[in-house]
Every structure is written in C-alpha cells, then in structure tokens.
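Trainee: Input file: data17.cif. Contents: mmCIF, C-alpha atoms and all ligand atoms; chains and numbers go by the auth columns.
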```cif
data_data
loop_
_atom_site.group_PDB
_atom_site.id
_atom_site.type_symbol
_atom_site.label_atom_id
_atom_site.label_comp_id
_atom_site.label_asym_id
_atom_site.label_seq_id
_atom_site.Cartn_x
_atom_site.Cartn_y
_atom_site.Cartn_z
_atom_site.B_iso_or_equiv
_atom_site.auth_seq_id
_atom_site.auth_asym_id
ATOM 1 C CA MET A 1 -34.615 30.600 39.448 0.00 1 A
ATOM 2 C CA ASN A 2 -37.391 28.086 38.913 0.00 2 A
ATOM 3 C CA ILE A 3 -37.893 25.945 41.997 0.00 3 A
ATOM 4 C CA ALA A 4 -40.212 22.931 42.381 0.00 4 A
ATOM 5 C CA PHE A 5 -41.754 21.730 45.631 0.00 5 A
ATOM 6 C CA ILE A 6 -43.121 18.244 46.099 0.00 6 A
ATOM 7 C CA ALA A 7 -43.959 16.354 49.280 0.00 7 A
ATOM 8 C CA HIS A 8 -45.585 13.032 49.997 0.00 8 A
ATOM 9 C CA ASP A 9 -48.504 13.182 52.410 0.00 9 A
ATOM 10 C CA LYS A 10 -46.604 12.323 55.606 0.00 10 A
ATOM 11 C CA LYS A 11 -43.931 14.909 54.708 0.00 11 A
ATOM 12 C CA LYS A 12 -46.215 17.803 53.812 0.00 12 A
ATOM 13 C CA ASP A 13 -46.162 19.334 57.310 0.00 13 A
ATOM 14 C CA ASP A 14 -42.355 19.384 57.177 0.00 14 A
ATOM 15 C CA LEU A 15 -42.326 21.024 53.757 0.00 15 A
ATOM 16 C CA VAL A 16 -44.816 23.681 54.863 0.00 16 A
ATOM 17 C CA LYS A 17 -42.582 24.487 57.860 0.00 17 A
ATOM 18 C CA PHE A 18 -39.587 24.615 55.529 0.00 18 A
ATOM 19 C CA ALA A 19 -41.365 27.001 53.142 0.00 19 A
ATOM 20 C CA ILE A 20 -42.364 29.244 56.054 0.00 20 A
ATOM 21 C CA ALA A 21 -38.767 29.313 57.307 0.00 21 A
ATOM 22 C CA TYR A 22 -37.408 30.262 53.865 0.00 22 A
ATOM 23 C CA GLU A 23 -40.325 32.394 52.673 0.00 23 A
ATOM 24 C CA GLU A 24 -38.206 35.561 52.408 0.00 24 A
ATOM 25 C CA VAL A 25 -35.722 33.788 50.121 0.00 25 A
ATOM 26 C CA LEU A 26 -38.324 31.901 48.092 0.00 26 A
ATOM 27 C CA LYS A 27 -40.554 34.875 47.322 0.00 27 A
ATOM 28 C CA ASP A 28 -37.982 36.204 44.827 0.00 28 A
ATOM 29 C CA HIS A 29 -38.133 33.046 42.687 0.00 29 A
ATOM 30 C CA ARG A 30 -40.635 31.357 40.387 0.00 30 A
ATOM 31 C CA LEU A 31 -42.183 28.511 42.329 0.00 31 A
ATOM 32 C CA TYR A 32 -43.867 25.351 41.065 0.00 32 A
ATOM 33 C CA SER A 33 -45.351 22.355 42.830 0.00 33 A
ATOM 34 C CA THR A 34 -47.465 19.274 42.568 0.00 34 A
ATOM 35 C CA GLY A 35 -51.133 19.944 43.297 0.00 35 A
ATOM 36 C CA THR A 36 -51.735 19.247 46.955 0.00 36 A
ATOM 37 C CA THR A 37 -48.264 20.280 48.089 0.00 37 A
ATOM 38 C CA GLY A 38 -48.683 23.726 46.520 0.00 38 A
ATOM 39 C CA LYS A 39 -52.145 24.137 47.967 0.00 39 A
ATOM 40 C CA ARG A 40 -50.799 23.474 51.467 0.00 40 A
ATOM 41 C CA ILE A 41 -47.851 25.869 51.081 0.00 41 A
ATOM 42 C CA MET A 42 -50.007 28.657 49.646 0.00 42 A
ATOM 43 C CA ALA A 43 -52.533 28.251 52.462 0.00 43 A
ATOM 44 C CA GLU A 44 -49.835 28.846 55.056 0.00 44 A
ATOM 45 C CA THR A 45 -47.525 31.363 53.377 0.00 45 A
ATOM 46 C CA LYS A 46 -47.888 34.352 51.034 0.00 46 A
ATOM 47 C CA LEU A 47 -45.932 32.529 48.328 0.00 47 A
ATOM 48 C CA ASP A 48 -47.372 32.377 44.839 0.00 48 A
ATOM 49 C CA ILE A 49 -46.926 28.898 43.355 0.00 49 A
ATOM 50 C CA HIS A 50 -47.837 27.490 39.956 0.00 50 A
ATOM 51 C CA ARG A 51 -49.512 24.207 40.834 0.00 51 A
ATOM 52 C CA PHE A 52 -49.368 21.246 38.506 0.00 52 A
ATOM 53 C CA LYS A 53 -51.583 18.169 38.856 0.00 53 A
ATOM 54 C CA SER A 54 -51.419 16.089 41.996 0.00 54 A
ATOM 55 C CA GLY A 55 -48.488 13.665 41.984 0.00 55 A
ATOM 56 C CA PRO A 56 -50.500 10.458 41.440 0.00 56 A
ATOM 57 C CA LEU A 57 -52.347 12.181 38.574 0.00 57 A
ATOM 58 C CA GLY A 58 -49.237 13.218 36.635 0.00 58 A
ATOM 59 C CA GLY A 59 -47.773 16.165 38.588 0.00 59 A
ATOM 60 C CA ASP A 60 -44.361 14.553 38.985 0.00 60 A
ATOM 61 C CA GLN A 61 -44.248 13.990 35.237 0.00 61 A
ATOM 62 C CA GLN A 62 -45.212 17.598 34.522 0.00 62 A
ATOM 63 C CA ILE A 63 -42.297 18.783 36.657 0.00 63 A
ATOM 64 C CA GLY A 64 -40.119 16.192 34.911 0.00 64 A
ATOM 65 C CA SER A 65 -41.104 17.737 31.610 0.00 65 A
ATOM 66 C CA MET A 66 -39.813 21.143 32.778 0.00 66 A
ATOM 67 C CA ILE A 67 -36.529 19.499 33.767 0.00 67 A
ATOM 68 C CA ALA A 68 -36.218 17.925 30.318 0.00 68 A
ATOM 69 C CA GLU A 69 -36.768 21.388 28.776 0.00 69 A
ATOM 70 C CA ASN A 70 -33.987 22.862 30.973 0.00 70 A
ATOM 71 C CA ASP A 71 -36.618 25.019 32.678 0.00 71 A
ATOM 72 C CA MET A 72 -36.228 23.817 36.274 0.00 72 A
ATOM 73 C CA ASP A 73 -33.269 24.876 38.418 0.00 73 A
ATOM 74 C CA LEU A 74 -33.873 23.236 41.775 0.00 74 A
ATOM 75 C CA VAL A 75 -36.182 20.493 43.068 0.00 75 A
ATOM 76 C CA ILE A 76 -37.170 20.127 46.719 0.00 76 A
ATOM 77 C CA PHE A 77 -38.893 16.762 47.039 0.00 77 A
ATOM 78 C CA PHE A 78 -39.655 15.561 50.562 0.00 78 A
ATOM 79 C CA LYS A 79 -40.107 11.877 49.855 0.00 79 A
ATOM 80 C CA ASP A 80 -41.716 9.408 52.225 0.00 80 A
ATOM 81 C CA PRO A 81 -39.384 6.397 52.238 0.00 81 A
ATOM 82 C CA LEU A 82 -41.702 4.326 54.447 0.00 82 A
ATOM 83 C CA THR A 83 -44.920 4.370 52.428 0.00 83 A
ATOM 84 C CA ALA A 84 -45.533 2.726 49.043 0.00 84 A
ATOM 85 C CA GLN A 85 -46.800 5.169 46.415 0.00 85 A
ATOM 86 C CA PRO A 86 -49.128 4.130 43.561 0.00 86 A
ATOM 87 C CA HIS A 87 -47.143 6.305 41.148 0.00 87 A
ATOM 88 C CA GLU A 88 -43.673 5.050 42.121 0.00 88 A
ATOM 89 C CA PRO A 89 -42.583 4.843 38.432 0.00 89 A
ATOM 90 C CA ASP A 90 -43.285 8.588 38.046 0.00 90 A
ATOM 91 C CA ILE A 91 -41.245 9.369 41.157 0.00 91 A
ATOM 92 C CA THR A 92 -38.326 7.282 39.904 0.00 92 A
ATOM 93 C CA ALA A 93 -38.561 8.994 36.512 0.00 93 A
ATOM 94 C CA LEU A 94 -38.466 12.472 38.069 0.00 94 A
ATOM 95 C CA ILE A 95 -35.398 11.646 40.151 0.00 95 A
ATOM 96 C CA ARG A 96 -33.745 10.083 37.122 0.00 96 A
ATOM 97 C CA LEU A 97 -34.303 13.236 35.041 0.00 97 A
ATOM 98 C CA CYS A 98 -32.674 15.358 37.771 0.00 98 A
ATOM 99 C CA ASP A 99 -29.604 13.152 37.378 0.00 99 A
ATOM 100 C CA VAL A 100 -29.766 13.166 33.572 0.00 100 A
ATOM 101 C CA TYR A 101 -29.829 16.992 33.511 0.00 101 A
ATOM 102 C CA THR A 102 -27.704 17.605 36.645 0.00 102 A
ATOM 103 C CA ILE A 103 -30.474 19.448 38.460 0.00 103 A
ATOM 104 C CA PRO A 104 -29.960 19.920 42.215 0.00 104 A
ATOM 105 C CA LEU A 105 -32.462 17.722 44.057 0.00 105 A
ATOM 106 C CA ALA A 106 -33.129 17.527 47.804 0.00 106 A
ATOM 107 C CA THR A 107 -35.130 14.519 48.932 0.00 107 A
ATOM 108 C CA ASN A 108 -35.047 15.418 52.622 0.00 108 A
ATOM 109 C CA MET A 109 -34.971 18.470 54.881 0.00 109 A
ATOM 110 C CA ALA A 110 -31.251 18.257 55.696 0.00 110 A
ATOM 111 C CA THR A 111 -30.237 18.475 52.040 0.00 111 A
ATOM 112 C CA ALA A 112 -32.882 21.096 51.319 0.00 112 A
ATOM 113 C CA GLU A 113 -31.424 23.346 54.056 0.00 113 A
ATOM 114 C CA ILE A 114 -27.983 23.145 52.465 0.00 114 A
ATOM 115 C CA LEU A 115 -29.315 23.892 48.978 0.00 115 A
ATOM 116 C CA LEU A 116 -31.321 26.881 50.201 0.00 116 A
ATOM 117 C CA SER A 117 -28.260 28.177 52.079 0.00 117 A
ATOM 118 C CA GLY A 118 -26.364 27.909 48.801 0.00 118 A
ATOM 119 C CA LEU A 119 -29.155 29.750 47.025 0.00 119 A
ATOM 120 C CA GLN A 120 -28.978 32.577 49.582 0.00 120 A
ATOM 121 C CA ARG A 121 -25.224 32.824 49.020 0.00 121 A
ATOM 122 C CA GLY A 122 -25.731 33.131 45.247 0.00 122 A
ATOM 123 C CA GLU A 123 -24.195 29.759 44.460 0.00 123 A
ATOM 124 C CA PHE A 124 -26.664 28.896 41.709 0.00 124 A
ATOM 125 C CA THR A 125 -25.513 31.376 39.080 0.00 125 A
ATOM 126 C CA TRP A 126 -24.129 28.431 37.092 0.00 126 A
ATOM 127 C CA ARG A 127 -27.723 27.468 36.337 0.00 127 A
ATOM 128 C CA GLU A 128 -28.345 30.835 34.667 0.00 128 A
ATOM 129 C CA ILE A 129 -25.209 30.284 32.558 0.00 129 A
ATOM 130 C CA GLU A 130 -26.378 26.764 31.627 0.00 130 A
ATOM 131 C CA LYS A 131 -29.689 28.193 30.472 0.00 131 A
ATOM 132 C CA GLU A 132 -28.105 31.067 28.532 0.00 132 A
ATOM 133 C CA GLN A 133 -25.783 28.671 26.749 0.00 133 A
ATOM 134 C CA GLY A 134 -28.651 26.300 26.079 0.00 134 A
ATOM 135 C CA ASN A 135 -26.704 23.334 27.439 0.00 135 A
ATOM 136 C CA ASP A 136 -29.729 21.115 27.264 0.00 136 A
ATOM 137 C CA THR A 137 -28.148 18.326 25.171 0.00 137 A
HETATM 138 O O1 LIG B . -47.384 12.476 45.135 0.00 201 A
HETATM 139 C C1 LIG B . -46.653 13.439 45.121 0.00 201 A
HETATM 140 C C2 LIG B . -45.272 13.332 44.641 0.00 201 A
HETATM 141 O O2 LIG B . -44.912 12.075 44.157 0.00 201 A
HETATM 142 C C3 LIG B . -47.121 14.749 45.611 0.00 201 A
HETATM 143 O O3 LIG B . -48.359 15.087 45.045 0.00 201 A
HETATM 144 P P1 LIG B . -49.322 16.093 45.794 0.00 201 A
HETATM 145 O O4 LIG B . -48.538 17.327 46.067 0.00 201 A
HETATM 146 O O5 LIG B . -50.439 16.364 44.852 0.00 201 A
HETATM 147 O O6 LIG B . -49.758 15.397 47.043 0.00 201 A
#
```
Translate this file's structure into structure tokens.
Mentor:
Amino acid sequence: MNIAFIAHDKKKDDLVKFAIAYEEVLKDHRLYSTGTTGKRIMAETKLDIHRFKSGPLGGDQQIGSMIAENDMDLVIFFKDPLTAQPHEPDITALIRLCDVYTIPLATNMATAEILLSGLQRGEFTWREIEKEQGNDT
C-alpha cells in the first residue's frame, strides 16, 4: 500500500507521535510525505519515506498527482483548522481528489486511528483490486 503523510506545522508533533505508535505497521508499506512532515517523521522513527516538496511549494499537488494516477491508497493529513495557509487552494484540491478517486483520507488523529486499525485487519485489499482492474476512470 502507498500511504501519504502530511501535517500542518501545529499538527506535526501529533503526526510524529502517531507514526511512532504505528511504526511496526507502517514499515511494511511504501510511505510518501510532504517535505517537512517527512523530515520530522524520519528524524524520529526508522521509517523510510519518499519526501515530496514542502506543502506550500507544491508538495500537496505532487501527492494529488499520485492520487489522480491511482497510485495512492491512503492519505493521513493532519490539518490545522485554526490557521490560514498560503496554499489553501492546493489543500482543497488534494482533498477534492481523494473524493474524486474514493481514496481514504484522515484529516485528524481520531479518523487516522480507525483507518490504521482497518489496515492492520487487512481491510484495504479492495484497493489492490482497484489497482489491478485499473479502475482509474
Ligand atoms: O503544508 C503542508 C500541507 O498542506 C505540509 O507541508 P510540509 O510537510 O512541508 O510542512
């Protein structure tokens, strides 16, 4: 499974804690992130993450591009709902693409916990089938 991690600055500590808690599960998957988020996670775990550009410099769009190519299976995006972001249109576009392509998206820790529990239980096999069948409209 290809999994993307993104966190706004005030949520990065939470995402690092989350990645530490689920490191054993995550290490068996291909991981991607926006620039600074990935740097933080890699500094505090042994996880290997392909880092795209920082969010404000196009990282959200690069992850969006993987979604459009049916190459992303799960997005964990700890959004900061209380701080304006200069690249808000990119954030909206990324969330929109998750809905266009029916990609599971967690925008907070509570949802992320449930998705990772589902991942541990093997409940994401439908994504492999989607990819095999090339259901990318
Ligand atoms: O801004 C972001 C997502 O919109 C995150 O980018 P960074 O991980 O580079 O801070």
Trainee: Let me know the residues the PyMOL selection byres (((chain A and resi 95) around 10) and not hetatm) catches in the file above, as a list in words.
Mentor: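 On the file shown, the PyMOL selection byres (((chain A and resi 95) around 10) and not hetatm) covers Asp60, Gly64, Val75, Phe77, Asp90, Ile91, Thr92, Ala93, Leu94, Arg96, Leu97, Cys98, Asp99, Val100, Ile103, Leu105, Ala106 and Thr107 of chain A.
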Trainee: Distance limit 7 Å, reference ligand LIG 201 (chain A), atoms considered: only C-alpha atoms and all ligand atoms. Which residues make the cut? Give them as a PyMOL selection string.
Mentor: chain A and resi 6-9+33-38+53-56+59-60+87+91
Trainee: Let's have the selection written as a PDB file, in the coordinates of the input, with C-alpha atoms.
Mentor:
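That gives us out_25.pdb:
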```
ATOM      1  CA  ILE A   6     -43.121  18.244  46.099  1.00  0.00           C
ATOM      2  CA  ALA A   7     -43.959  16.354  49.280  1.00  0.00           C
ATOM      3  CA  HIS A   8     -45.585  13.032  49.997  1.00  0.00           C
ATOM      4  CA  ASP A   9     -48.504  13.182  52.410  1.00  0.00           C
ATOM      5  CA  SER A  33     -45.351  22.355  42.830  1.00  0.00           C
ATOM      6  CA  THR A  34     -47.465  19.274  42.568  1.00  0.00           C
ATOM      7  CA  GLY A  35     -51.133  19.944  43.297  1.00  0.00           C
ATOM      8  CA  THR A  36     -51.735  19.247  46.955  1.00  0.00           C
ATOM      9  CA  THR A  37     -48.264  20.280  48.089  1.00  0.00           C
ATOM     10  CA  GLY A  38     -48.683  23.726  46.520  1.00  0.00           C
ATOM     11  CA  LYS A  53     -51.583  18.169  38.856  1.00  0.00           C
ATOM     12  CA  SER A  54     -51.419  16.089  41.996  1.00  0.00           C
ATOM     13  CA  GLY A  55     -48.488  13.665  41.984  1.00  0.00           C
ATOM     14  CA  PRO A  56     -50.500  10.458  41.440  1.00  0.00           C
ATOM     15  CA  GLY A  59     -47.773  16.165  38.588  1.00  0.00           C
ATOM     16  CA  ASP A  60     -44.361  14.553  38.985  1.00  0.00           C
ATOM     17  CA  HIS A  87     -47.143   6.305  41.148  1.00  0.00           C
ATOM     18  CA  ILE A  91     -41.245   9.369  41.157  1.00  0.00           C
TER      19      ILE A  91
END
```
Trainee: In Å, with one decimal, what is the gap from CA of Lys39 (chain A) to CA of Ile114 (chain A)?
Mentor: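 Interatomic distance here is 24.6 Å.
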Trainee: Can you list, as a PyMOL selection string, the residues that the PyMOL selection byres (((chain A and resi 109) around 9) and not hetatm) selects here?
Mentor: chain A and resi 14-15+18+76-78+106-108+110-114
Trainee: Taking all atoms of region 54-71 of chain A that the file lists, what box with edges along x, y and z, padded by 3 Å per side, do you get, with centre and edge lengths in Å to one decimal, as JSON?
Mentor:
```
{"center_x": -43.2, "center_y": 17.7, "center_z": 35.4, "size_x": 24.4, "size_y": 20.6, "size_z": 19.2}
```
Trainee: Which residues are close to region 21-24 of chain A, i.e. within 10 Å by all atoms listed in the file, leaving aside same-chain residues fewer than 4 positions away? Reply as a ChimeraX atom specification.
Mentor: /A:15-17,28,45-47,113,116-117,120
Trainee: If you measure from CA of Leu119 (chain A) to CA of Val25 (chain A), what distance in Å do you get, rounded to one decimal?
Mentor: 8.3 Å
Trainee: Let me know the residues the PyMOL selection byres (((chain A and resi 82) around 12) and not hetatm) catches in the file above, as a VMD selection string.
Mentor: chain A and resid 8 to 11 79 to 81 83 to 85
Trainee: Which residues come within 10 Å of Asp71 (chain A), counting all atoms listed in the file, excluding same-chain residues fewer than 2 positions away, as a list in words?
Mentor: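 Near neighbours after the sequence-gap exclusion: Met1, Asn2, Ile3, Ile63, Gly64, Ser65, Met66, Ile67, Ala68, Glu69, Asp73, Leu74, Arg127, Lys131 and Asp136 of chain A.
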Trainee: Using all atoms listed in the file for the distances, tell me which of A:Met42, A:Ile20, A:Met72, A:Leu31 is nearest to Pro104 (chain A).
Mentor: A:Met72
Trainee: Could you tell me how far CA of Ile49 (chain A) lies from CA of Lys27 (chain A), in Å and to one decimal?
Mentor: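 For CA of Ile49 (chain A) relative to CA of Lys27 (chain A), the distance reads 9.6 Å.
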Trainee: When distances are computed from all atoms listed in the file, which of A:Ala19, A:Thr125, A:Glu88, A:Ala43 shows the smallest separation from Gly58 (chain A)?
Mentor: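 Among the listed residues, A:Glu88 lies closest to Gly58 (chain A).
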Trainee: Could you tell me which of A:Leu115, A:Asn70, A:Pro89, A:His29 comes closest to Gly134 (chain A) if we count all atoms listed in the file?
Mentor: A:Asn70
Trainee: Pick out the closest residue to Leu26 (chain A) from this set: A:Ala4, A:Glu123, A:Leu57, A:Arg51. Count only C-alpha atoms.
Mentor: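 Going through A:Ala4, A:Glu123, A:Leu57, A:Arg51 one by one, the smallest distance to Leu26 (chain A) is for A:Ala4.
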Trainee: I'd like to know which of A:Gln133, A:Arg40, A:Phe52, A:Arg121 is closest to Lys12 (chain A), using only C-alpha atoms.
Mentor: A:Arg40
Trainee: Will you give me region 87-126 of chain A, written with N, CA and C atoms and laid out as an mmCIF file, in the first residue's frame?
Mentor:
```
data_model
loop_
_atom_site.group_PDB
_atom_site.id
_atom_site.type_symbol
_atom_site.label_atom_id
_atom_site.label_comp_id
_atom_site.auth_asym_id
_atom_site.auth_seq_id
_atom_site.Cartn_x
_atom_site.Cartn_y
_atom_site.Cartn_z
ATOM 1 N N HIS A 87 -1.277 28.225 0.906
ATOM 2 C CA HIS A 87 -1.562 27.342 -0.230
ATOM 3 C C HIS A 87 -2.900 26.617 -0.051
ATOM 4 N N GLU A 88 -3.862 27.318 0.523
ATOM 5 C CA GLU A 88 -5.194 26.729 0.767
ATOM 6 C C GLU A 88 -5.791 26.096 -0.513
ATOM 7 N N PRO A 89 -5.647 26.732 -1.690
ATOM 8 C CA PRO A 89 -6.215 26.095 -2.893
ATOM 9 C C PRO A 89 -5.622 24.705 -3.155
ATOM 10 N N ASP A 90 -4.333 24.523 -2.851
ATOM 11 C CA ASP A 90 -3.706 23.207 -3.062
ATOM 12 C C ASP A 90 -4.284 22.168 -2.098
ATOM 13 N N ILE A 91 -4.544 22.627 -0.869
ATOM 14 C CA ILE A 91 -5.086 21.720 0.153
ATOM 15 C C ILE A 91 -6.492 21.278 -0.251
ATOM 16 N N THR A 92 -7.285 22.255 -0.685
ATOM 17 C CA THR A 92 -8.651 21.944 -1.141
ATOM 18 C C THR A 92 -8.605 20.980 -2.326
ATOM 19 N N ALA A 93 -7.665 21.209 -3.231
ATOM 20 C CA ALA A 93 -7.559 20.354 -4.422
ATOM 21 C C ALA A 93 -7.189 18.923 -4.035
ATOM 22 N N LEU A 94 -6.297 18.768 -3.079
ATOM 23 C CA LEU A 94 -5.883 17.428 -2.645
ATOM 24 C C LEU A 94 -7.071 16.677 -2.033
ATOM 25 N N ILE A 95 -7.799 17.363 -1.174
ATOM 26 C CA ILE A 95 -8.958 16.728 -0.528
ATOM 27 C C ILE A 95 -10.011 16.380 -1.580
ATOM 28 N N ARG A 96 -10.190 17.271 -2.527
ATOM 29 C CA ARG A 96 -11.158 17.019 -3.598
ATOM 30 C C ARG A 96 -10.780 15.766 -4.391
ATOM 31 N N LEU A 97 -9.490 15.618 -4.708
ATOM 32 C CA LEU A 97 -9.062 14.448 -5.490
ATOM 33 C C LEU A 97 -9.284 13.153 -4.713
ATOM 34 N N CYS A 98 -9.104 13.188 -3.387
ATOM 35 C CA CYS A 98 -9.404 11.990 -2.583
ATOM 36 C C CYS A 98 -10.869 11.608 -2.771
ATOM 37 N N ASP A 99 -11.741 12.596 -2.833
ATOM 38 C CA ASP A 99 -13.166 12.302 -3.021
ATOM 39 C C ASP A 99 -13.457 11.870 -4.454
ATOM 40 N N VAL A 100 -12.783 12.481 -5.414
ATOM 41 C CA VAL A 100 -12.997 12.103 -6.823
ATOM 42 C C VAL A 100 -12.639 10.631 -7.023
ATOM 43 N N TYR A 101 -11.507 10.203 -6.407
ATOM 44 C CA TYR A 101 -10.999 8.845 -6.641
ATOM 45 C C TYR A 101 -11.298 7.874 -5.495
ATOM 46 N N THR A 102 -12.139 8.306 -4.554
ATOM 47 C CA THR A 102 -12.537 7.461 -3.412
ATOM 48 C C THR A 102 -11.320 6.904 -2.677
ATOM 49 N N ILE A 103 -10.417 7.806 -2.326
ATOM 50 C CA ILE A 103 -9.226 7.410 -1.568
ATOM 51 C C ILE A 103 -9.459 7.727 -0.092
ATOM 52 N N PRO A 104 -9.269 6.750 0.797
ATOM 53 C CA PRO A 104 -9.452 7.007 2.223
ATOM 54 C C PRO A 104 -8.544 8.143 2.693
ATOM 55 N N LEU A 105 -9.145 9.096 3.393
ATOM 56 C CA LEU A 105 -8.424 10.293 3.844
ATOM 57 C C LEU A 105 -8.768 10.572 5.304
ATOM 58 N N ALA A 106 -7.748 10.665 6.153
ATOM 59 C CA ALA A 106 -7.971 11.063 7.549
ATOM 60 C C ALA A 106 -7.439 12.472 7.718
ATOM 61 N N THR A 107 -8.269 13.374 8.197
ATOM 62 C CA THR A 107 -7.783 14.740 8.423
ATOM 63 C C THR A 107 -7.574 15.024 9.910
ATOM 64 N N ASN A 108 -7.745 14.003 10.745
ATOM 65 C CA ASN A 108 -7.421 14.186 12.163
ATOM 66 C C ASN A 108 -7.040 12.832 12.771
ATOM 67 N N MET A 109 -6.500 12.892 13.986
ATOM 68 C CA MET A 109 -5.949 11.684 14.613
ATOM 69 C C MET A 109 -7.012 10.617 14.854
ATOM 70 N N ALA A 110 -8.228 11.030 15.212
ATOM 71 C CA ALA A 110 -9.266 10.038 15.526
ATOM 72 C C ALA A 110 -9.573 9.184 14.302
ATOM 73 N N THR A 111 -9.718 9.839 13.145
ATOM 74 C CA THR A 111 -10.007 9.079 11.923
ATOM 75 C C THR A 111 -8.786 8.257 11.504
ATOM 76 N N ALA A 112 -7.618 8.833 11.673
ATOM 77 C CA ALA A 112 -6.393 8.119 11.291
ATOM 78 C C ALA A 112 -6.254 6.817 12.079
ATOM 79 N N GLU A 113 -6.592 6.851 13.364
ATOM 80 C CA GLU A 113 -6.522 5.638 14.208
ATOM 81 C C GLU A 113 -7.427 4.557 13.632
ATOM 82 N N ILE A 114 -8.617 4.944 13.227
ATOM 83 C CA ILE A 114 -9.578 3.955 12.712
ATOM 84 C C ILE A 114 -9.082 3.383 11.384
ATOM 85 N N LEU A 115 -8.536 4.243 10.520
ATOM 86 C CA LEU A 115 -8.031 3.743 9.241
ATOM 87 C C LEU A 115 -6.840 2.801 9.442
ATOM 88 N N LEU A 116 -5.946 3.154 10.354
ATOM 89 C CA LEU A 116 -4.792 2.279 10.591
ATOM 90 C C LEU A 116 -5.221 0.958 11.234
ATOM 91 N N SER A 117 -6.249 0.996 12.080
ATOM 92 C CA SER A 117 -6.781 -0.254 12.639
ATOM 93 C C SER A 117 -7.316 -1.119 11.509
ATOM 94 N N GLY A 118 -8.009 -0.486 10.568
ATOM 95 C CA GLY A 118 -8.531 -1.216 9.410
ATOM 96 C C GLY A 118 -7.398 -1.801 8.575
ATOM 97 N N LEU A 119 -6.344 -1.038 8.431
ATOM 98 C CA LEU A 119 -5.180 -1.507 7.671
ATOM 99 C C LEU A 119 -4.580 -2.749 8.338
ATOM 100 N N GLN A 120 -4.457 -2.698 9.662
ATOM 101 C CA GLN A 120 -3.912 -3.846 10.406
ATOM 102 C C GLN A 120 -4.787 -5.088 10.250
ATOM 103 N N ARG A 121 -6.085 -4.868 10.118
ATOM 104 C CA ARG A 121 -7.017 -6.001 9.975
ATOM 105 C C ARG A 121 -7.134 -6.472 8.527
ATOM 106 N N GLY A 122 -6.371 -5.845 7.618
ATOM 107 C CA GLY A 122 -6.401 -6.272 6.217
ATOM 108 C C GLY A 122 -7.634 -5.799 5.465
ATOM 109 N N GLU A 123 -8.184 -4.673 5.884
ATOM 110 C CA GLU A 123 -9.432 -4.210 5.264
ATOM 111 C C GLU A 123 -9.213 -3.313 4.046
ATOM 112 N N PHE A 124 -7.985 -3.277 3.544
ATOM 113 C CA PHE A 124 -7.728 -2.410 2.389
ATOM 114 C C PHE A 124 -7.424 -3.209 1.118
ATOM 115 N N THR A 125 -7.750 -4.490 1.140
ATOM 116 C CA THR A 125 -7.443 -5.309 -0.040
ATOM 117 C C THR A 125 -8.213 -4.810 -1.267
ATOM 118 N N TRP A 126 -9.347 -4.164 -1.036
ATOM 119 C CA TRP A 126 -10.119 -3.620 -2.169
ATOM 120 C C TRP A 126 -9.303 -2.623 -2.975
#
```
